[in-house]
>>> print(open('my_file-v3.txt').read())   # compact mmCIF, C-alpha atoms and all ligand atoms
# COMPACT_ATOMS: atom_id res chain seq x y z
CA MET S 1 -12.16 -34.19 -8.95
CA GLU S 2 -13.76 -32.30 -11.82
CA LYS S 3 -11.55 -31.03 -14.66
CA PRO S 4 -10.65 -27.35 -14.63
CA ALA S 5 -12.69 -25.20 -17.03
CA ILE S 6 -9.60 -24.41 -19.10
CA ALA S 7 -9.25 -28.16 -19.80
CA GLY S 8 -12.93 -28.59 -20.73
CA GLY S 9 -14.70 -28.76 -17.35
CA THR S 10 -17.56 -26.58 -16.13
CA PRO S 11 -16.40 -23.30 -14.50
CA VAL S 12 -16.66 -23.23 -10.70
CA ARG S 13 -18.74 -20.04 -10.99
CA ASP S 14 -20.94 -18.52 -13.65
CA THR S 15 -20.47 -14.93 -12.44
CA LYS S 16 -17.09 -13.23 -12.33
CA LEU S 17 -15.26 -12.53 -9.08
CA TYR S 18 -12.70 -9.69 -8.97
CA TYR S 19 -9.75 -9.36 -6.65
CA GLY S 20 -11.01 -6.21 -4.89
CA HIS S 21 -14.12 -4.10 -4.46
CA GLN S 22 -15.10 -1.15 -2.27
CA TYR S 23 -18.04 -1.20 0.13
CA VAL S 24 -20.07 2.02 0.42
CA ASP S 25 -23.17 2.09 2.65
CA LYS S 26 -25.98 4.56 3.37
CA ALA S 27 -24.02 6.22 6.18
CA ASP S 28 -21.21 6.97 3.69
CA VAL S 29 -23.67 8.49 1.22
CA LYS S 30 -25.26 10.61 3.95
CA ALA S 31 -21.85 11.86 5.12
CA VAL S 32 -21.01 13.00 1.58
CA GLU S 33 -24.44 14.57 1.05
CA GLU S 34 -24.04 16.66 4.19
CA VAL S 35 -20.79 18.15 2.91
CA LEU S 36 -22.26 18.90 -0.52
CA THR S 37 -24.85 21.24 1.00
CA SER S 38 -22.48 22.77 3.57
CA ASP S 39 -20.31 25.91 3.24
CA TYR S 40 -17.07 24.09 2.51
CA LEU S 41 -16.30 21.66 -0.30
CA THR S 42 -12.56 21.89 0.40
CA CYS S 43 -10.28 23.40 3.10
CA GLY S 44 -13.18 23.03 5.56
CA PRO S 45 -13.83 21.26 8.88
CA LYS S 46 -13.87 17.71 7.51
CA VAL S 47 -10.16 17.93 6.65
CA ALA S 48 -9.25 18.73 10.25
CA ALA S 49 -11.72 16.10 11.48
CA LEU S 50 -10.10 13.41 9.31
CA GLU S 51 -6.62 14.42 10.45
CA GLU S 52 -7.74 14.25 14.08
CA LYS S 53 -9.34 10.86 13.50
CA LEU S 54 -6.19 9.45 11.89
CA CYS S 55 -4.17 10.60 14.90
CA GLU S 56 -6.74 9.06 17.25
CA ILE S 57 -6.74 5.62 15.60
CA THR S 58 -2.96 5.43 15.13
CA GLY S 59 -1.57 7.36 18.08
CA ALA S 60 0.42 9.63 15.73
CA LYS S 61 0.90 13.26 16.82
CA TYR S 62 0.26 14.83 13.42
CA ALA S 63 -1.59 13.91 10.24
CA VAL S 64 -1.69 15.75 6.90
CA ALA S 65 -4.51 14.75 4.54
CA VAL S 66 -3.53 14.88 0.86
CA SER S 67 -5.06 14.13 -2.52
CA ASN S 68 -3.74 10.54 -2.84
CA GLY S 69 -1.13 8.08 -1.60
CA THR S 70 1.32 9.11 -4.32
CA ALA S 71 1.17 12.77 -3.25
CA ALA S 72 1.71 11.57 0.33
CA LEU S 73 4.89 9.73 -0.70
CA HIS S 74 6.08 12.73 -2.73
CA ILE S 75 5.83 15.27 0.09
CA ALA S 76 7.21 12.71 2.57
CA ALA S 77 10.29 12.26 0.36
CA MET S 78 10.62 16.07 0.10
CA ALA S 79 10.31 16.47 3.87
CA ALA S 80 12.93 13.74 4.33
CA GLY S 81 15.28 15.96 2.34
CA VAL S 82 15.57 13.80 -0.78
CA GLY S 83 17.04 16.06 -3.47
CA GLU S 84 19.18 16.07 -6.61
CA GLY S 85 21.48 13.03 -6.65
CA ASP S 86 20.21 11.61 -3.33
CA GLU S 87 19.26 7.96 -2.92
CA LEU S 88 16.07 6.44 -1.52
CA ILE S 89 15.97 2.71 -0.82
CA THR S 90 12.78 0.74 -1.36
CA THR S 91 11.43 -2.66 -2.38
CA PRO S 92 10.76 -3.66 -5.99
CA ILE S 93 7.58 -5.54 -4.96
CA THR S 94 5.42 -2.47 -4.66
CA PHE S 95 3.36 -0.04 -6.67
CA ALA S 96 5.70 2.20 -8.70
CA ALA S 97 4.78 5.27 -6.60
CA SER S 98 6.95 4.02 -3.68
CA ALA S 99 10.00 4.50 -5.92
CA ASN S 100 8.76 7.31 -8.19
CA CYS S 101 8.68 9.69 -5.21
CA ALA S 102 12.49 9.72 -5.31
CA LEU S 103 12.49 10.57 -9.02
CA TYR S 104 10.04 13.45 -8.44
CA CYS S 105 12.66 14.96 -6.10
CA GLY S 106 15.55 14.51 -8.54
CA GLY S 107 16.80 11.57 -6.50
CA ARG S 108 17.48 7.95 -7.39
CA PRO S 109 15.51 4.92 -6.15
CA VAL S 110 17.74 2.05 -5.04
CA PHE S 111 16.13 -1.37 -4.73
CA ALA S 112 16.74 -3.71 -1.79
CA ASP S 113 15.61 -7.34 -2.04
CA ILE S 114 12.72 -8.91 -0.15
CA ASP S 115 12.55 -11.68 2.42
CA PRO S 116 11.53 -14.78 0.40
CA ASP S 117 9.00 -15.93 3.06
CA THR S 118 7.27 -12.72 4.24
CA TYR S 119 7.77 -10.80 0.94
CA ASN S 120 8.63 -7.62 2.85
CA ILE S 121 11.83 -5.62 2.39
CA ASP S 122 14.82 -7.42 3.95
CA PRO S 123 16.69 -5.20 6.44
CA ALA S 124 19.97 -7.02 5.66
CA SER S 125 19.62 -6.10 1.99
CA VAL S 126 18.77 -2.49 2.94
CA ARG S 127 21.98 -2.31 4.99
CA GLN S 128 24.03 -3.41 1.97
CA LYS S 129 22.50 -0.68 -0.21
CA ILE S 130 23.10 2.25 2.17
CA THR S 131 25.64 4.82 0.90
CA ASP S 132 26.52 8.34 2.00
CA ARG S 133 23.89 9.59 -0.49
CA THR S 134 21.02 7.64 1.16
CA ARG S 135 18.47 10.09 2.58
CA ALA S 136 15.41 7.87 3.06
CA VAL S 137 14.13 4.31 3.16
CA VAL S 138 10.57 3.61 2.00
CA ALA S 139 9.44 0.39 3.70
CA VAL S 140 6.18 -0.95 2.28
CA ASP S 141 3.90 -2.98 4.57
CA TYR S 142 3.26 -5.33 1.67
CA THR S 143 -0.18 -7.04 1.70
CA GLY S 144 -0.82 -5.28 5.04
CA GLN S 145 1.85 -7.08 7.06
CA ALA S 146 4.17 -4.67 8.88
CA ALA S 147 7.76 -4.66 7.68
CA LYS S 148 10.52 -5.30 10.26
CA LEU S 149 10.10 -1.77 11.55
CA ASP S 150 12.32 -1.92 14.65
CA GLU S 151 15.31 -3.20 12.69
CA LEU S 152 14.74 -0.67 9.94
CA LEU S 153 14.25 2.24 12.35
CA GLY S 154 17.38 1.30 14.33
CA MET S 155 19.45 1.10 11.16
CA CYS S 156 18.09 4.33 9.70
CA HIS S 157 18.56 6.36 12.87
CA GLU S 158 22.07 5.03 13.35
CA LYS S 159 22.91 6.39 9.87
CA GLY S 160 20.84 9.61 9.96
CA ILE S 161 18.34 8.31 7.40
CA VAL S 162 14.58 8.99 7.47
CA LEU S 163 12.27 5.96 7.55
CA ILE S 164 9.09 6.43 5.52
CA GLU S 165 6.58 3.63 5.93
CA ASP S 166 4.32 3.15 2.91
CA SER S 167 1.19 1.90 4.67
CA ALA S 168 -1.06 2.02 1.61
CA HIS S 169 -1.87 -1.65 2.38
CA SER S 170 -1.77 -1.62 6.15
CA ILE S 171 -4.25 0.78 7.75
CA GLY S 172 -5.49 -1.07 10.86
CA THR S 173 -2.33 -3.16 11.24
CA LYS S 174 -0.39 -3.18 14.51
CA TYR S 175 3.32 -3.82 14.99
CA LYS S 176 4.33 -5.02 18.47
CA GLY S 177 0.93 -3.79 19.67
CA LYS S 178 1.28 -0.26 18.20
CA PRO S 179 -0.84 0.82 15.24
CA VAL S 180 1.08 1.66 12.06
CA GLY S 181 1.18 5.41 11.68
CA SER S 182 2.77 6.05 15.08
CA ILE S 183 6.01 4.11 14.54
CA SER S 184 8.12 5.32 11.61
CA ASP S 185 9.40 8.88 11.02
CA MET S 186 6.58 9.29 8.51
CA THR S 187 3.81 6.92 7.48
CA THR S 188 1.72 7.28 4.32
CA PHE S 189 -1.80 6.02 3.67
CA SER S 190 -3.81 5.68 0.45
CA PHE S 191 -7.60 5.78 0.21
CA HIS S 192 -7.92 4.45 -3.32
CA PRO S 193 -11.03 2.21 -3.76
CA VAL S 194 -9.06 -1.07 -3.74
CA LYS S 195 -7.57 -0.22 -0.33
CA THR S 196 -9.27 -1.21 2.95
CA VAL S 197 -10.73 2.30 3.50
CA THR S 198 -11.62 4.59 0.59
CA GLY S 199 -12.46 8.16 -0.33
CA GLY S 200 -12.52 7.53 -4.09
CA GLU S 201 -9.04 9.03 -4.00
CA GLY S 202 -7.16 10.27 -0.97
CA GLY S 203 -4.04 9.94 1.12
CA ALA S 204 -2.33 11.10 4.29
CA VAL S 205 1.09 11.46 5.88
CA LEU S 206 1.43 10.82 9.61
CA THR S 207 4.35 11.79 11.81
CA ASN S 208 5.31 12.43 15.42
CA ARG S 209 7.89 15.05 14.45
CA GLY S 210 6.86 18.71 14.48
CA ASP S 211 9.62 19.75 12.05
CA LEU S 212 8.45 17.25 9.43
CA TYR S 213 4.80 18.20 10.00
CA GLU S 214 5.49 21.85 9.22
CA LYS S 215 7.25 20.93 5.97
CA LEU S 216 4.42 18.59 4.95
CA LEU S 217 1.86 21.39 5.44
CA LEU S 218 3.87 23.73 3.23
CA TYR S 219 4.43 21.20 0.45
CA ARG S 220 0.74 20.24 0.42
CA SER S 221 -0.28 23.77 -0.46
CA HIS S 222 2.14 25.54 -2.85
CA GLY S 223 4.79 26.30 -0.23
CA ILE S 224 2.56 29.14 0.95
CA THR S 225 2.33 30.04 4.63
CA LYS S 226 -0.01 32.32 6.57
CA ASP S 227 2.08 31.93 9.73
CA GLU S 228 3.90 35.18 10.55
CA ALA S 229 6.67 33.29 12.28
CA TYR S 230 7.87 32.16 8.84
CA TYR S 231 7.57 35.44 6.94
CA VAL S 232 10.68 36.67 5.18
CA ASN S 233 9.24 40.17 4.67
CA GLU S 234 6.94 42.34 6.72
CA SER S 235 3.21 41.64 6.54
CA HIS S 236 1.13 44.04 4.40
CA GLY S 237 -2.07 43.32 6.38
CA SER S 238 -4.39 40.56 7.43
CA TRP S 239 -4.70 39.19 3.84
CA TYR S 240 -0.95 38.70 3.70
CA HIS S 241 0.73 35.33 3.01
CA GLU S 242 4.06 34.31 1.56
CA GLN S 243 5.29 31.56 -0.70
CA ILE S 244 8.54 30.56 0.97
CA ASP S 245 9.17 27.25 -0.80
CA LEU S 246 7.95 25.36 -3.88
CA GLY S 247 4.97 23.17 -3.04
CA TYR S 248 1.98 21.71 -4.86
CA ASN S 249 -1.78 21.60 -4.68
CA TYR S 250 -2.12 18.21 -3.01
CA ARG S 251 -5.16 19.14 -0.90
CA LEU S 252 -7.98 16.69 -0.24
CA THR S 253 -11.61 17.85 -0.52
CA ASP S 254 -14.05 17.86 2.40
CA ILE S 255 -16.26 15.59 0.28
CA GLN S 256 -13.58 12.90 0.26
CA CYS S 257 -12.62 13.48 3.90
CA ALA S 258 -16.25 12.90 4.93
CA LEU S 259 -16.36 9.63 3.00
CA ILE S 260 -13.05 8.45 4.50
CA LEU S 261 -14.22 9.39 8.02
CA SER S 262 -17.41 7.41 7.56
CA GLN S 263 -15.43 4.45 6.19
CA ILE S 264 -13.05 4.54 9.17
CA ASP S 265 -16.10 3.94 11.38
CA LYS S 266 -16.25 0.51 9.68
CA LEU S 267 -12.51 -0.23 9.80
CA ALA S 268 -12.78 -2.83 12.58
CA GLN S 269 -15.60 -4.53 10.68
CA PHE S 270 -13.59 -4.46 7.40
CA ALA S 271 -10.47 -5.75 9.15
CA GLY S 272 -12.36 -8.58 10.85
CA ARG S 273 -13.86 -9.87 7.62
CA ARG S 274 -10.53 -9.67 5.81
CA ARG S 275 -8.95 -11.67 8.62
CA GLU S 276 -11.62 -14.38 8.29
CA ILE S 277 -11.00 -14.64 4.56
CA VAL S 278 -7.24 -14.95 5.09
CA GLU S 279 -7.80 -17.70 7.67
CA ARG S 280 -10.07 -19.62 5.30
CA TYR S 281 -7.56 -19.41 2.44
CA ASP S 282 -4.58 -20.22 4.66
CA ARG S 283 -6.30 -23.26 6.15
CA ALA S 284 -7.05 -24.67 2.68
CA PHE S 285 -3.77 -23.83 0.98
CA SER S 286 -1.44 -24.96 3.76
CA GLN S 287 -2.70 -28.51 2.99
CA ILE S 288 -1.51 -28.30 -0.62
CA PRO S 289 2.23 -28.93 -1.14
CA GLN S 290 2.16 -27.28 -4.59
CA LEU S 291 1.41 -23.94 -2.91
CA PHE S 292 3.47 -21.71 -0.63
CA VAL S 293 1.63 -19.71 2.05
CA GLN S 294 3.01 -16.25 2.94
CA ARG S 295 4.70 -16.27 6.34
CA GLU S 296 3.64 -13.78 9.01
CA ILE S 297 6.06 -12.37 11.55
CA PRO S 298 4.62 -12.62 15.08
CA GLU S 299 5.24 -8.86 15.64
CA SER S 300 2.61 -7.96 13.03
CA ASP S 301 -1.09 -8.06 13.90
CA THR S 302 -2.16 -7.69 10.31
CA THR S 303 -5.17 -6.19 8.57
CA ARG S 304 -4.63 -7.84 5.21
CA HIS S 305 -5.13 -5.87 1.99
CA LEU S 306 -3.95 -8.54 -0.46
CA TYR S 307 -3.96 -12.33 -0.41
CA ILE S 308 -1.09 -13.81 -2.40
CA LEU S 309 -1.42 -17.26 -3.93
CA ARG S 310 2.09 -18.51 -4.64
CA ILE S 311 2.69 -21.66 -6.66
CA VAL S 312 5.68 -23.98 -6.40
CA PRO S 313 6.36 -24.26 -10.15
CA GLU S 314 8.72 -27.25 -9.76
CA MET S 315 5.73 -29.31 -8.57
CA LEU S 316 3.33 -28.30 -11.36
CA THR S 317 3.22 -28.73 -15.14
CA ILE S 318 1.97 -25.16 -15.61
CA ASP S 319 3.59 -21.85 -14.74
CA ARG S 320 2.07 -18.78 -13.09
CA ARG S 321 0.71 -17.49 -16.39
CA GLY S 322 -1.00 -20.81 -17.06
CA PHE S 323 -2.39 -20.92 -13.52
CA PHE S 324 -3.67 -17.33 -13.76
CA GLU S 325 -5.45 -18.12 -17.04
CA ALA S 326 -6.90 -21.33 -15.58
CA MET S 327 -8.33 -19.23 -12.70
CA ALA S 328 -9.81 -16.74 -15.19
CA ALA S 329 -11.50 -19.64 -17.01
CA GLU S 330 -13.20 -20.49 -13.67
CA ASN S 331 -14.47 -16.85 -13.65
CA ILE S 332 -12.07 -15.86 -10.89
CA CYS S 333 -10.24 -12.75 -12.02
CA CYS S 334 -6.96 -12.52 -10.13
CA ASN S 335 -4.33 -9.81 -10.44
CA VAL S 336 -0.57 -9.66 -9.90
CA HIS S 337 0.95 -7.30 -7.30
CA TYR S 338 3.54 -6.37 -8.47
CA ILE S 339 5.78 -6.42 -11.51
CA PRO S 340 9.20 -5.58 -9.99
CA VAL S 341 9.34 -1.78 -10.31
CA TYR S 342 12.72 -1.72 -12.09
CA TRP S 343 11.44 -4.08 -14.81
CA HIS S 344 9.20 -1.30 -16.16
CA PRO S 345 10.49 0.20 -19.42
CA TYR S 346 10.90 3.65 -17.84
CA TYR S 347 13.24 2.20 -15.21
CA GLN S 348 15.04 0.05 -17.80
CA LYS S 349 15.65 3.24 -19.78
CA LEU S 350 17.18 4.78 -16.64
CA GLY S 351 19.69 1.91 -16.64
CA TYR S 352 18.35 -0.48 -13.96
CA LYS S 353 19.35 -4.07 -14.75
CA LYS S 354 17.19 -7.15 -14.35
CA GLY S 355 18.51 -9.60 -11.74
CA ILE S 356 19.37 -7.08 -8.98
CA CYS S 357 16.75 -8.49 -6.55
CA PRO S 358 16.51 -12.25 -7.18
CA ASN S 359 14.01 -13.01 -4.39
CA ALA S 360 11.64 -10.33 -5.69
CA GLU S 361 11.91 -11.58 -9.26
CA LYS S 362 11.29 -15.19 -8.20
CA LEU S 363 8.21 -14.16 -6.21
CA TYR S 364 6.91 -12.18 -9.19
CA SER S 365 7.12 -15.27 -11.42
CA GLU S 366 5.19 -17.45 -8.97
CA MET S 367 2.36 -15.33 -7.56
CA MET S 368 -1.10 -13.91 -8.11
CA SER S 369 -3.53 -11.96 -5.93
CA LEU S 370 -6.79 -13.71 -5.01
CA PRO S 371 -10.11 -11.97 -4.31
CA ILE S 372 -10.22 -10.39 -0.86
CA TYR S 373 -12.67 -7.67 0.18
CA TYR S 374 -15.33 -6.97 2.78
CA THR S 375 -18.39 -8.25 0.89
CA LEU S 376 -16.80 -11.47 -0.35
CA SER S 377 -19.04 -14.27 0.98
CA ASP S 378 -17.88 -17.60 2.43
CA GLN S 379 -19.34 -19.21 -0.70
CA ASP S 380 -17.19 -16.92 -2.90
CA VAL S 381 -14.09 -17.83 -0.90
CA ASP S 382 -14.95 -21.52 -1.15
CA ASP S 383 -15.37 -21.15 -4.93
CA VAL S 384 -11.86 -19.71 -5.15
CA ILE S 385 -10.51 -22.59 -3.06
CA THR S 386 -12.35 -25.16 -5.20
CA ALA S 387 -10.93 -23.62 -8.37
CA VAL S 388 -7.38 -23.67 -6.97
CA ARG S 389 -7.78 -27.30 -5.84
CA ARG S 390 -9.07 -28.39 -9.26
CA ILE S 391 -6.24 -26.68 -11.11
CA VAL S 392 -3.57 -28.09 -8.78
CA ALA S 393 -5.03 -31.63 -8.94
CA TYR S 394 -5.07 -31.57 -12.73
CA TYR S 395 -1.62 -30.04 -13.30
CA LYS S 396 0.42 -31.50 -10.44
CA LYS S 397 3.56 -33.46 -11.35
C1 LIG E 1 -2.01 2.28 -3.83
C2 LIG E 1 -0.57 2.39 -3.47
C3 LIG E 1 0.14 3.60 -3.57
C4 LIG E 1 -0.41 4.83 -4.22
O1 LIG E 1 -1.57 5.30 -3.69
P1 LIG E 1 -2.57 6.19 -4.59
O2 LIG E 1 -3.55 6.67 -3.59
O3 LIG E 1 -3.16 5.28 -5.63
O4 LIG E 1 -1.77 7.29 -5.20
C5 LIG E 1 1.45 3.63 -3.10
N1 LIG E 1 2.03 2.53 -2.60
C6 LIG E 1 1.40 1.36 -2.52
C7 LIG E 1 2.12 0.19 -1.94
C8 LIG E 1 0.08 1.24 -2.98
O5 LIG E 1 -0.53 0.05 -2.91
>>> encode(input="my_file-v3.txt", output="structure tokens")
Amino acid sequence: MEKPAIAGGTPVRDTKLYYGHQYVDKADVKAVEEVLTSDYLTCGPKVAALEEKLCEITGAKYAVAVSNGTAALHIAAMAAGVGEGDELITTPITFAASANCALYCGGRPVFADIDPDTYNIDPASVRQKITDRTRAVVAVDYTGQAAKLDELLGMCHEKGIVLIEDSAHSIGTKYKGKPVGSISDMTTFSFHPVKTVTGGEGGAVLTNRGDLYEKLLLYRSHGITKDEAYYVNESHGSWYHEQIDLGYNYRLTDIQCALILSQIDKLAQFAGRRREIVERYDRAFSQIPQLFVQREIPESDTTRHLYILRIVPEMLTIDRRGFFEAMAAENICCNVHYIPVYWHPYYQKLGYKKGICPNAEKLYSEMMSLPIYYTLSDQDVDDVITAVRRIVAYYKK
């Protein structure tokens, strides 16, 4: 086998491959154009149309479109009742927003460890972290694979805790045959360009509970209501509205809603291609003892957002950093998802100690994210596989 580029060989590719990329077609452009020349750029019919569509594809009763996935998590945590001194349990292997939403509310994120094989939050670890201050659990469907939702829901409801599912990775995924979005107390989506479906920016919260839905609507738009049923004082006339709580401007524009709607038309296509890429990688890497392939639970029918390459460092003479740099030398630009949230300096300053979630920290030291997106060709995927094979063959013990 040829030497890896980092050791003097010729790179597998001469153009760079990145780990993610959006796909925008003519239909998307047309959908956006139509909004630009219509009467509404925001607060118009495309917002309601997107919310309806999200309910239709997930089976959820209610959807609230918001400006991004972080805003979705923030108002979900507020609706769950997270306040001063309250605790919210989540995984450290996630984007910081899954934990930051507790801090926005004056609460405290508490980190439960992950399952070392699926990389999702471990319900047994969640159980150990529950206290009488726990108001919410944020379960992330990491890489797109559904977390153990039944166990988590059972545990949360037994203790009066709200389960928020961070589905930023998992639009299109089913758990026990039901689409994510219709299962947990609240489910949040993100439409950032690296996610499976994009609006440039964008997010949503889905729920089946009317009480939560009403709170989400208020928090999305300043805490202002135009619904008489909620008025504290008497109406002054048809212009009247009241601010009855403190909310934000987390609204999503009609321009973005139109793009997201048009992208959702391609969700099955996107999901299918992502599945093919995962199969191709899995088939190749399961033959290589120096690599560990992420385990899937049979309950999850997964639309994969990330593909994690995990090395077995005991069987190689290089570590993750060395492997990552060797991939970059082949012109394959990986990424790492994620640095354990509590390792970030801001969290260290808040007093979180390293070592609290050993499985998460071990995973972090052994993994990288490989390219996976709709327009990745079979040749691109094979290039990635060739690069991995070369590096393993050269550095194996
Ligand atoms: C992307 C992401 C978010 C945040 O979504 P934004 O739309 O970027 O605000 C939250 N959680 C996870 C797991 C994500 O991947």
>>> residues_around(input="my_file-v3.txt", residues="stretch 363-375 of chain S", least_positions_apart="4", cutoff="9 Å", atoms="only C-alpha atoms", output="PyMOL selection string")
chain S and resi 17-23+93+116+119+194+196+269-274+277-278+304-313+319-321+323-324+332-340+358-359+380-381+384
>>> residues_near_ligand(input="my_file-v3.txt", ligand="ligand LIG 1 (chain E)", cutoff="10 Å", atoms="only C-alpha atoms and all ligand atoms", output="PyMOL selection string")
chain S and resi 66-74+91+93-101+138-144+165-170+188-195+198-204+305-306+337-338
>>> closest_atom_pairs(input="my_file-v3.txt", of="stretch 62-128 of chain S", to="stretch 177-185 of chain S", cutoff="10 Å", atoms="all atoms listed in the file", output="CSV")
residue,atom,partner,partner_atom,distance
S:Tyr62,CA,S:Ser182,CA,9.3
S:Ala63,CA,S:Gly181,CA,9.1
S:Ala76,CA,S:Asp185,CA,9.5
S:Ala80,CA,S:Asp185,CA,9.0
>>> residues_near_point(input="my_file-v3.txt", point="(9.0, -11.3, 4.9)", cutoff="9 Å", atoms="all atoms listed in the file", output="PyMOL selection string")
chain S and resi 114-122+142+145+147-148+294-297
>>> closest_residue(input="my_file-v3.txt", among="S:Ile57, S:Arg209, S:Pro45, S:Val24", to="S:Ile255", atoms="all atoms listed in the file")
S:Pro45
>>> residues_around(input="my_file-v3.txt", residues="S:Thr134", least_positions_apart="6", cutoff="10 Å", atoms="all atoms listed in the file", output="ChimeraX atom specification")
/S:82,85-89,107-110,156,159-162
>>> closest_residue(input="my_file-v3.txt", among="S:Ala65, S:Lys354, S:Ala5, S:Gly59", to="S:Asp254", atoms="all atoms listed in the file")
S:Ala65
>>> atom_distance(input="my_file-v3.txt", atom1="atom CA of S:Ile75", atom2="atom CA of S:Ala102")
10.2 Å
>>> atom_distance(input="my_file-v3.txt", atom1="atom CA of S:Val341", atom2="atom CA of S:Pro92")
4.9 Å
>>> closest_residue(input="my_file-v3.txt", among="S:Ala124, S:Lys396, S:Glu51, S:Met78", to="S:Gly247", atoms="only C-alpha atoms")
S:Met78
>>> atom_distance(input="my_file-v3.txt", atom1="atom CA of S:Val232", atom2="atom CA of S:Glu214")
16.2 Å
>>> axis_aligned_box(input="my_file-v3.txt", around="stretch 277-292 of chain S", padding_each_side="5 Å", output="AutoDock Vina command-line options")
--center_x -3.8 --center_y -21.8 --center_z 1.5 --size_x 24.5 --size_y 24.3 --size_z 22.3
>>> residues_near_point(input="my_file-v3.txt", point="(-5.2, -2.3, 14.2)", cutoff="8 Å", atoms="only C-alpha atoms", output="number ranges by chain")
S: 171-174, 178-180, 268, 301-303
>>> closest_residue(input="my_file-v3.txt", among="S:Glu2, S:Val64, S:Ile391, S:Leu41", to="S:Thr253", atoms="all atoms listed in the file")
S:Leu41
>>> closest_residue(input="my_file-v3.txt", among="S:Thr317, S:Gly44, S:Arg13, S:Tyr342", to="S:Thr90", atoms="all atoms listed in the file")
S:Tyr342
>>> decode(input="my_file-v3.txt", residues="stretch 314-325 of chain S", atoms="N, CA and C atoms", output="CSV table (one decimal), in the first residue's frame")
chain,number,residue,atom,x,y,z
S,314,GLU,N,-4.7,2.2,21.2
S,314,GLU,CA,-3.8,1.1,21.7
S,314,GLU,C,-3.2,0.3,20.5
S,315,MET,N,-3.9,0.3,19.3
S,315,MET,CA,-3.5,-0.5,18.2
S,315,MET,C,-2.8,0.3,17.1
S,316,LEU,N,-2.5,1.6,17.4
S,316,LEU,CA,-1.8,2.5,16.5
S,316,LEU,C,-0.7,3.2,17.1
S,317,THR,N,0.3,3.6,16.3
S,317,THR,CA,1.4,4.4,16.8
S,317,THR,C,1.2,5.9,16.8
S,318,ILE,N,0.0,6.3,16.3
S,318,ILE,CA,-0.4,7.7,16.3
S,318,ILE,C,-1.7,7.9,17.1
S,319,ASP,N,-1.9,9.1,17.6
S,319,ASP,CA,-3.1,9.4,18.3
S,319,ASP,C,-4.1,10.1,17.4
S,320,ARG,N,-5.2,10.5,18.0
S,320,ARG,CA,-6.2,11.1,17.2
S,320,ARG,C,-5.7,12.4,16.4
S,321,ARG,N,-4.9,13.2,17.2
S,321,ARG,CA,-4.4,14.4,16.5
S,321,ARG,C,-3.5,14.1,15.3
S,322,GLY,N,-2.7,13.0,15.5
S,322,GLY,CA,-1.8,12.6,14.4
S,322,GLY,C,-2.6,12.1,13.2
S,323,PHE,N,-3.7,11.3,13.5
S,323,PHE,CA,-4.6,10.8,12.5
S,323,PHE,C,-5.3,11.9,11.7
S,324,PHE,N,-5.8,12.8,12.5
S,324,PHE,CA,-6.5,14.0,11.9
S,324,PHE,C,-5.6,14.7,10.9
S,325,GLU,N,-4.4,15.0,11.4
S,325,GLU,CA,-3.4,15.7,10.5
S,325,GLU,C,-3.0,14.9,9.3
